$ cat query28.cif   # mmCIF, C-alpha atoms and all ligand atoms
data_model
#
loop_
_atom_site.label_atom_id
_atom_site.label_comp_id
_atom_site.auth_asym_id
_atom_site.auth_seq_id
_atom_site.Cartn_x
_atom_site.Cartn_y
_atom_site.Cartn_z
CA MET A 29 -28.22 3.56 -70.23
CA THR A 30 -29.26 4.83 -73.67
CA LEU A 31 -33.00 4.70 -74.26
CA PRO A 32 -34.34 3.58 -77.65
CA GLU A 33 -35.26 6.47 -79.91
CA GLY A 34 -38.69 7.91 -79.09
CA THR A 35 -38.81 6.48 -75.57
CA PRO A 36 -39.85 9.15 -73.06
CA GLU A 37 -37.31 9.69 -70.35
CA THR A 38 -39.89 9.42 -67.66
CA ASN A 39 -43.18 7.60 -67.65
CA SER A 40 -45.64 8.99 -65.12
CA ALA A 41 -48.02 6.07 -65.78
CA ALA A 42 -45.40 3.49 -64.76
CA PRO A 43 -46.12 1.77 -61.43
CA ALA A 44 -44.20 3.12 -58.48
CA ALA A 45 -41.18 1.10 -57.46
CA PRO A 46 -42.07 -1.29 -54.63
CA GLN A 47 -41.15 -0.03 -51.20
CA GLU A 48 -38.22 -1.76 -49.68
CA LEU A 49 -39.48 -4.44 -47.30
CA THR A 50 -38.11 -4.45 -43.80
CA TRP A 51 -37.63 -7.90 -42.39
CA LYS A 52 -38.66 -8.27 -38.77
CA PRO A 53 -37.09 -11.22 -37.00
CA VAL A 54 -39.33 -13.32 -34.77
CA VAL A 55 -36.78 -12.99 -31.99
CA GLU A 56 -35.39 -9.51 -31.69
CA GLU A 57 -32.07 -8.68 -30.19
CA GLY A 58 -32.50 -8.02 -26.52
CA PRO A 59 -31.34 -8.60 -23.01
CA PRO A 60 -30.99 -12.13 -21.64
CA ALA A 61 -34.02 -14.16 -20.58
CA SER A 62 -36.53 -12.43 -18.35
CA PRO A 63 -36.13 -12.54 -14.58
CA MET A 64 -39.66 -14.01 -14.63
CA PHE A 65 -37.90 -17.33 -15.12
CA ASP A 66 -37.00 -17.68 -11.46
CA GLU A 67 -35.23 -20.42 -9.55
CA LEU A 68 -38.34 -22.60 -9.32
CA THR A 69 -38.86 -22.41 -13.08
CA ARG A 70 -35.21 -23.26 -13.68
CA GLN A 71 -35.53 -26.29 -11.39
CA ARG A 72 -38.64 -27.41 -13.24
CA THR A 73 -36.81 -26.90 -16.52
CA LYS A 74 -34.05 -29.28 -15.40
CA GLU A 75 -36.67 -31.79 -14.24
CA ILE A 76 -38.40 -31.74 -17.64
CA ILE A 77 -35.16 -32.01 -19.63
CA ALA A 78 -34.02 -34.97 -17.49
CA ARG A 79 -37.02 -37.00 -18.72
CA TYR A 80 -35.63 -37.27 -22.24
CA PRO A 81 -32.51 -38.91 -23.72
CA GLN A 82 -31.94 -35.81 -25.89
CA PRO A 83 -32.49 -32.34 -24.35
CA ARG A 84 -34.11 -30.98 -27.55
CA SER A 85 -36.95 -33.51 -27.12
CA ALA A 86 -38.09 -31.46 -24.10
CA LEU A 87 -39.02 -28.44 -26.23
CA LEU A 88 -42.80 -28.95 -26.33
CA PRO A 89 -43.30 -29.37 -22.54
CA LEU A 90 -40.78 -26.60 -21.92
CA LEU A 91 -42.85 -24.21 -24.02
CA HIS A 92 -45.90 -25.14 -21.92
CA LEU A 93 -43.82 -24.35 -18.82
CA VAL A 94 -42.99 -20.95 -20.29
CA GLN A 95 -46.71 -20.33 -20.91
CA SER A 96 -47.46 -21.26 -17.29
CA VAL A 97 -45.09 -18.46 -16.22
CA GLU A 98 -45.85 -15.79 -18.81
CA GLY A 99 -49.37 -16.66 -19.99
CA PHE A 100 -47.93 -16.86 -23.53
CA VAL A 101 -44.59 -17.43 -25.21
CA SER A 102 -42.72 -14.14 -25.39
CA GLN A 103 -39.48 -13.50 -27.22
CA ASP A 104 -37.77 -13.88 -23.85
CA GLY A 105 -39.52 -17.25 -23.52
CA ILE A 106 -38.17 -18.32 -26.92
CA ARG A 107 -34.66 -17.27 -25.88
CA TYR A 108 -35.05 -19.08 -22.54
CA CYS A 109 -35.94 -22.39 -24.25
CA ALA A 110 -33.18 -21.96 -26.83
CA GLU A 111 -30.57 -21.43 -24.10
CA ALA A 112 -31.86 -24.31 -21.96
CA LEU A 113 -31.89 -26.79 -24.87
CA GLU A 114 -28.91 -25.47 -26.83
CA LEU A 115 -31.08 -24.76 -29.85
CA SER A 116 -31.12 -21.67 -32.01
CA THR A 117 -33.89 -19.14 -31.39
CA ALA A 118 -34.98 -19.75 -35.00
CA GLU A 119 -35.58 -23.44 -34.24
CA VAL A 120 -37.66 -22.62 -31.16
CA ALA A 121 -39.58 -19.86 -32.95
CA ALA A 122 -40.40 -22.29 -35.79
CA VAL A 123 -42.09 -24.62 -33.30
CA VAL A 124 -43.91 -21.83 -31.46
CA THR A 125 -45.35 -20.42 -34.66
CA PHE A 126 -46.36 -23.86 -35.98
CA TYR A 127 -48.55 -25.11 -33.10
CA THR A 128 -51.72 -23.23 -32.20
CA MET A 129 -51.46 -24.20 -28.51
CA TYR A 130 -48.51 -21.83 -28.17
CA LYS A 131 -49.86 -18.32 -27.87
CA ARG A 132 -48.02 -15.26 -29.15
CA SER A 133 -49.81 -12.69 -27.02
CA PRO A 134 -50.80 -12.72 -23.34
CA CYS A 135 -53.85 -14.86 -22.55
CA GLY A 136 -56.68 -14.25 -20.15
CA GLN A 137 -57.29 -16.14 -16.94
CA HIS A 138 -59.22 -18.58 -19.11
CA LEU A 139 -58.87 -19.72 -22.70
CA VAL A 140 -62.25 -20.43 -24.28
CA SER A 141 -62.01 -22.55 -27.44
CA VAL A 142 -65.11 -22.95 -29.58
CA CYS A 143 -65.00 -25.80 -32.07
CA THR A 144 -66.02 -24.47 -35.47
CA ASN A 145 -65.02 -27.54 -37.44
CA THR A 146 -67.58 -29.15 -39.75
CA LEU A 147 -69.82 -31.12 -37.39
CA CYS A 148 -69.80 -28.63 -34.52
CA ALA A 149 -70.25 -25.74 -36.98
CA ALA A 150 -73.31 -27.39 -38.55
CA LEU A 151 -74.83 -28.09 -35.13
CA GLY A 152 -74.38 -24.56 -33.82
CA GLY A 153 -70.65 -24.02 -33.20
CA ASP A 154 -70.44 -21.11 -35.64
CA GLU A 155 -73.38 -19.42 -33.96
CA ILE A 156 -71.86 -20.03 -30.50
CA TYR A 157 -68.58 -18.47 -31.61
CA ARG A 158 -70.38 -15.48 -33.13
CA ARG A 159 -72.46 -14.95 -29.96
CA LEU A 160 -69.43 -15.17 -27.64
CA SER A 161 -67.38 -12.92 -29.90
CA GLU A 162 -70.14 -10.29 -29.79
CA LYS A 163 -70.62 -10.63 -26.04
CA LEU A 164 -66.92 -10.35 -25.23
CA GLY A 165 -66.22 -7.78 -27.95
CA VAL A 166 -63.20 -9.70 -29.18
CA GLY A 167 -62.21 -11.86 -32.12
CA HIS A 168 -60.03 -14.90 -32.59
CA GLU A 169 -57.13 -15.07 -30.10
CA GLU A 170 -58.09 -11.75 -28.54
CA THR A 171 -58.61 -11.18 -24.83
CA ALA A 172 -61.54 -9.54 -23.06
CA GLY A 173 -60.24 -7.87 -19.91
CA GLU A 174 -56.69 -7.39 -18.68
CA PRO A 175 -54.75 -10.56 -19.62
CA GLY A 176 -54.25 -12.74 -16.57
CA SER A 177 -56.62 -10.76 -14.32
CA PRO A 178 -59.62 -12.52 -12.72
CA GLY A 179 -62.47 -12.98 -15.20
CA SER A 180 -60.35 -12.18 -18.27
CA ILE A 181 -61.06 -14.44 -21.23
CA THR A 182 -59.19 -15.21 -24.43
CA LEU A 183 -61.48 -16.44 -27.17
CA GLU A 184 -60.46 -18.65 -30.05
CA HIS A 185 -62.14 -20.78 -32.62
CA ALA A 186 -60.68 -24.26 -32.76
CA GLU A 187 -60.38 -27.11 -35.21
CA CYS A 188 -61.98 -30.48 -34.34
CA LEU A 189 -61.60 -31.09 -30.60
CA ALA A 190 -62.08 -34.86 -30.98
CA ALA A 191 -65.53 -34.94 -29.40
CA CYS A 192 -67.76 -34.86 -32.49
CA ASP A 193 -70.30 -37.20 -30.84
CA LEU A 194 -70.89 -34.44 -28.29
CA ALA A 195 -71.11 -31.52 -30.72
CA PRO A 196 -71.18 -28.60 -30.46
CA VAL A 197 -68.26 -28.55 -28.06
CA VAL A 198 -66.53 -25.75 -26.15
CA GLN A 199 -63.36 -26.12 -24.13
CA VAL A 200 -62.18 -23.94 -21.27
CA ASN A 201 -58.46 -24.36 -20.62
CA TYR A 202 -58.79 -27.59 -22.64
CA GLU A 203 -61.51 -29.07 -20.39
CA TYR A 204 -64.70 -30.12 -22.17
CA PHE A 205 -68.12 -28.55 -22.06
CA ASP A 206 -70.22 -30.82 -24.29
CA ASN A 207 -73.51 -30.41 -26.13
CA GLN A 208 -73.47 -26.64 -25.91
CA THR A 209 -76.05 -24.12 -27.07
CA THR A 210 -75.63 -20.39 -27.52
CA GLU A 211 -77.41 -19.93 -24.18
CA SER A 212 -75.33 -22.46 -22.22
CA ALA A 213 -72.08 -21.15 -23.71
CA THR A 214 -73.07 -17.58 -22.83
CA GLU A 215 -73.89 -18.63 -19.25
CA LEU A 216 -70.53 -20.42 -19.07
CA VAL A 217 -68.63 -17.30 -20.12
CA GLU A 218 -70.63 -15.11 -17.74
CA ALA A 219 -69.74 -17.45 -14.87
CA LEU A 220 -66.05 -17.26 -15.82
CA GLN A 221 -66.26 -13.47 -15.88
CA ARG A 222 -67.66 -13.59 -12.32
CA ASP A 223 -64.52 -15.58 -11.42
CA GLU A 224 -66.55 -18.76 -10.94
CA LYS A 225 -65.34 -22.14 -12.14
CA PRO A 226 -68.22 -24.24 -13.52
CA HIS A 227 -67.50 -27.97 -13.54
CA PRO A 228 -66.68 -29.34 -16.99
CA THR A 229 -68.95 -32.03 -18.45
CA ARG A 230 -66.02 -34.42 -18.34
CA GLY A 231 -62.53 -34.35 -16.93
CA ALA A 232 -60.91 -32.63 -14.00
CA PRO A 233 -62.24 -29.59 -12.13
CA LEU A 234 -61.62 -26.29 -13.87
CA THR A 235 -58.49 -24.33 -12.91
CA ASP A 236 -57.09 -21.53 -15.06
CA PHE A 237 -55.02 -21.27 -18.22
CA ARG A 238 -51.65 -21.04 -16.50
CA THR A 239 -52.32 -23.99 -14.18
CA ALA A 240 -53.46 -26.05 -17.15
CA GLU A 241 -50.24 -25.11 -18.93
CA LEU A 242 -48.19 -26.27 -15.95
CA GLU A 243 -49.99 -29.62 -16.10
CA LEU A 244 -49.35 -29.84 -19.85
CA ALA A 245 -45.67 -29.36 -19.02
CA GLY A 246 -46.01 -32.46 -16.83
CA ILE A 247 -45.79 -30.67 -13.48
CA HIS A 248 -48.68 -31.67 -11.23
CA GLY A 249 -49.40 -30.32 -7.77
CA ASP A 250 -51.86 -33.09 -7.00
CA LEU A 251 -51.87 -35.66 -9.79
CA GLU A 252 -54.95 -37.51 -8.44
CA GLN A 253 -57.02 -34.35 -8.40
CA SER A 254 -55.75 -33.05 -11.73
CA VAL A 255 -57.07 -36.13 -13.55
CA GLU A 256 -60.15 -36.69 -11.39
CA GLY A 257 -63.51 -36.80 -13.14
CA PRO A 258 -65.37 -38.88 -15.73
CA SER A 259 -63.44 -39.20 -18.96
CA ALA A 260 -66.01 -40.89 -21.23
CA ALA A 261 -69.51 -39.73 -22.08
CA LYS A 262 -72.49 -42.06 -22.53
CA GLU A 263 -72.69 -41.09 -26.22
CA THR A 264 -69.10 -42.21 -26.69
CA LEU A 265 -69.74 -45.55 -24.98
CA ARG A 266 -73.01 -46.22 -26.81
CA GLY A 267 -71.35 -48.21 -29.61
CA VAL A 268 -69.63 -50.52 -27.16
CA GLN A 269 -72.90 -51.07 -25.26
CA LEU A 270 -74.83 -51.76 -28.45
CA ALA A 271 -72.23 -54.30 -29.54
CA ALA A 272 -72.42 -56.03 -26.14
CA GLU A 273 -76.25 -56.14 -26.23
CA CYS A 274 -76.25 -57.59 -29.74
CA GLY A 275 -73.37 -59.98 -29.12
CA TRP A 276 -71.21 -58.40 -31.82
CA VAL A 277 -67.54 -59.11 -31.52
CA ALA A 278 -64.62 -58.18 -33.69
CA PRO A 279 -62.91 -61.12 -35.45
CA SER A 280 -59.91 -62.27 -33.47
CA LEU A 281 -56.48 -61.46 -34.75
CA PRO A 282 -54.63 -64.23 -36.58
CA ALA A 283 -51.94 -65.96 -34.54
CA GLU A 284 -49.39 -64.98 -37.17
CA PRO A 285 -49.56 -61.62 -38.92
CA PRO A 286 -50.34 -62.02 -42.64
CA ALA A 287 -47.37 -61.74 -44.95
CA LEU A 288 -46.92 -58.34 -46.53
CA PRO A 289 -47.14 -58.21 -50.32
CA PRO A 290 -43.72 -57.98 -51.96
CA LEU A 291 -42.47 -54.54 -52.83
CA PRO A 292 -42.33 -53.73 -56.55
CA GLU A 293 -38.84 -53.91 -57.92
CA LYS A 294 -37.11 -50.57 -58.22
CA LYS A 295 -36.13 -49.63 -61.77
S1 LIG B 301 -66.10 -31.16 -35.20
FE1 LIG B 301 -66.18 -30.33 -33.21
S2 LIG B 301 -65.35 -31.89 -31.96
FE2 LIG B 301 -65.16 -32.68 -33.98
#
$ encode --input "query28.cif" --output "structure tokens" --more "lines below"
Ligand code: FES
Amino acid sequence: MTLPEGTPETNSAAPAAPQELTWKPVVEEGPPASPMFDELTRQRTKEIIARYPQPRSALLPLLHLVQSVEGFVSQDGIRYCAEALELSTAEVAAVVTFYTMYKRSPCGQHLVSVCTNTLCAALGGDEIYRRLSEKLGVGHEETAGEPGSPGSITLEHAECLAACDLAPVVQVNYEYFDNQTTESATELVEALQRDEKPHPTRGAPLTDFRTAELELAGIHGDLEQSVEGPSAAKETLRGVQLAAECGWVAPSLPAEPPALPPLPEKK
């Protein structure tokens, strides 16, 4: 190329050329699915897939099954689901990376989720998260202790956990601990580190992350026990009670649904 007259051949002030980016695939080339996926897991996989008219519909519970085995979803786990459901690894990886319930690194015996959404944050959720993060010496989605070992804890901050009337809320393995304070949340975490299992405010007795994941996959050892426990809090029922005391009732539905307004004509 001929430079215009007077143009220096080199310009030391010019920005350096950008470094070539190396693209790292979510699923790297590798050996076939891990031997961790043993015969029992393969049987459970078939059982889950058989629940759906289309195999691909089983992806979400199958990923929970993988987490019950591995404590997270590894690249082997992604390959395992892809093979079982005849999907591409890219399709499975897209789902894993979209939903926060699928973890990309090994979790502790317990997953502690602190709601830091608006209402919980304003009522102390931010302070609870900060205190637990300091105590455990970890940040979001990091694990204190050897992942999977007794007393190990993965901490995360969570979006609204659908219990705003009981804010601030903490979940352990998705079981609720309502109306928390920094002190009660600290005591909760200390009990977990001692390998104790405090009873949640509502819901079933506490297990551990992997057992909870197996239940989320729809595999229950003892279904009665895994759903045993109060599911509604008095704060949640207060509106219903107040309406009953005051004789308030919702207007009954019309016998015929009202006609929908006509759609505007397309031009
Ligand atoms: S804001 Fe925390 S449960 Fe809704």
$ closest_atom_pairs --input "query28.cif" --of "chain A" --to "ligand LIG 301 (chain B)" --cutoff "10 Å" --atoms "all atoms listed in the file" --output "CSV"
residue,atom,partner,partner_atom,distance
A:Val142,CA,B:LIG301,FE1,8.3
A:Cys143,CA,B:LIG301,FE1,4.8
A:Thr144,CA,B:LIG301,FE1,6.3
A:Asn145,CA,B:LIG301,S1,4.4
A:Thr146,CA,B:LIG301,S1,5.2
A:Leu147,CA,B:LIG301,S1,4.3
A:Cys148,CA,B:LIG301,FE1,4.2
A:Ala149,CA,B:LIG301,S1,7.1
A:Ala150,CA,B:LIG301,S1,8.8
A:Leu151,CA,B:LIG301,FE1,9.1
A:Gly153,CA,B:LIG301,FE1,7.7
A:Ala186,CA,B:LIG301,FE1,8.2
A:Glu187,CA,B:LIG301,FE1,6.9
A:Cys188,CA,B:LIG301,FE2,3.9
A:Leu189,CA,B:LIG301,S2,4.1
A:Ala190,CA,B:LIG301,S2,4.5
A:Ala191,CA,B:LIG301,S2,4.0
A:Cys192,CA,B:LIG301,FE2,3.7
A:Asp193,CA,B:LIG301,S2,7.3
A:Leu194,CA,B:LIG301,S2,7.1
A:Ala195,CA,B:LIG301,FE1,5.6
A:Pro196,CA,B:LIG301,FE1,6.0
A:Val197,CA,B:LIG301,FE1,5.8
A:Val198,CA,B:LIG301,FE1,8.4
A:Gln199,CA,B:LIG301,S2,9.9
A:Tyr204,CA,B:LIG301,S2,10.0
A:Asp206,CA,B:LIG301,S2,9.1
$ atom_distance --input "query28.cif" --atom1 "CA of Gly165 in chain A" --atom2 "CA of His92 in chain A"
27.4 Å
$ closest_residue --input "query28.cif" --among "A:Thr210, A:Gln103, A:Thr235, A:Thr229" --to "Gln137 in chain A" --atoms "all atoms listed in the file"
A:Thr235
$ closest_residue --input "query28.cif" --among "A:Ala213, A:Met129, A:Leu139, A:Val97" --to "Glu184 in chain A" --atoms "only C-alpha atoms"
A:Leu139
$ atom_distance --input "query28.cif" --atom1 "CA of Arg222 in chain A" --atom2 "CA of Thr128 in chain A"
27.2 Å
$ atom_distance --input "query28.cif" --atom1 "CA of Pro83 in chain A" --atom2 "CA of Leu115 in chain A"
9.5 Å
$ residues_around --input "query28.cif" --residues "Leu113 in chain A" --least-positions-apart "3" --cutoff "9 Å" --atoms "all atoms listed in the file" --output "compact mmCIF listing (two decimals) with C-alpha atoms, in the frame of the given file"
# COMPACT_ATOMS: atom_id res chain seq x y z
CA ILE A 77 -35.16 -32.01 -19.63
CA PRO A 83 -32.49 -32.34 -24.35
CA ARG A 84 -34.11 -30.98 -27.55
CA SER A 85 -36.95 -33.51 -27.12
CA ALA A 86 -38.09 -31.46 -24.10
CA LEU A 87 -39.02 -28.44 -26.23
CA TYR A 108 -35.05 -19.08 -22.54
CA CYS A 109 -35.94 -22.39 -24.25
CA ALA A 110 -33.18 -21.96 -26.83
CA SER A 116 -31.12 -21.67 -32.01
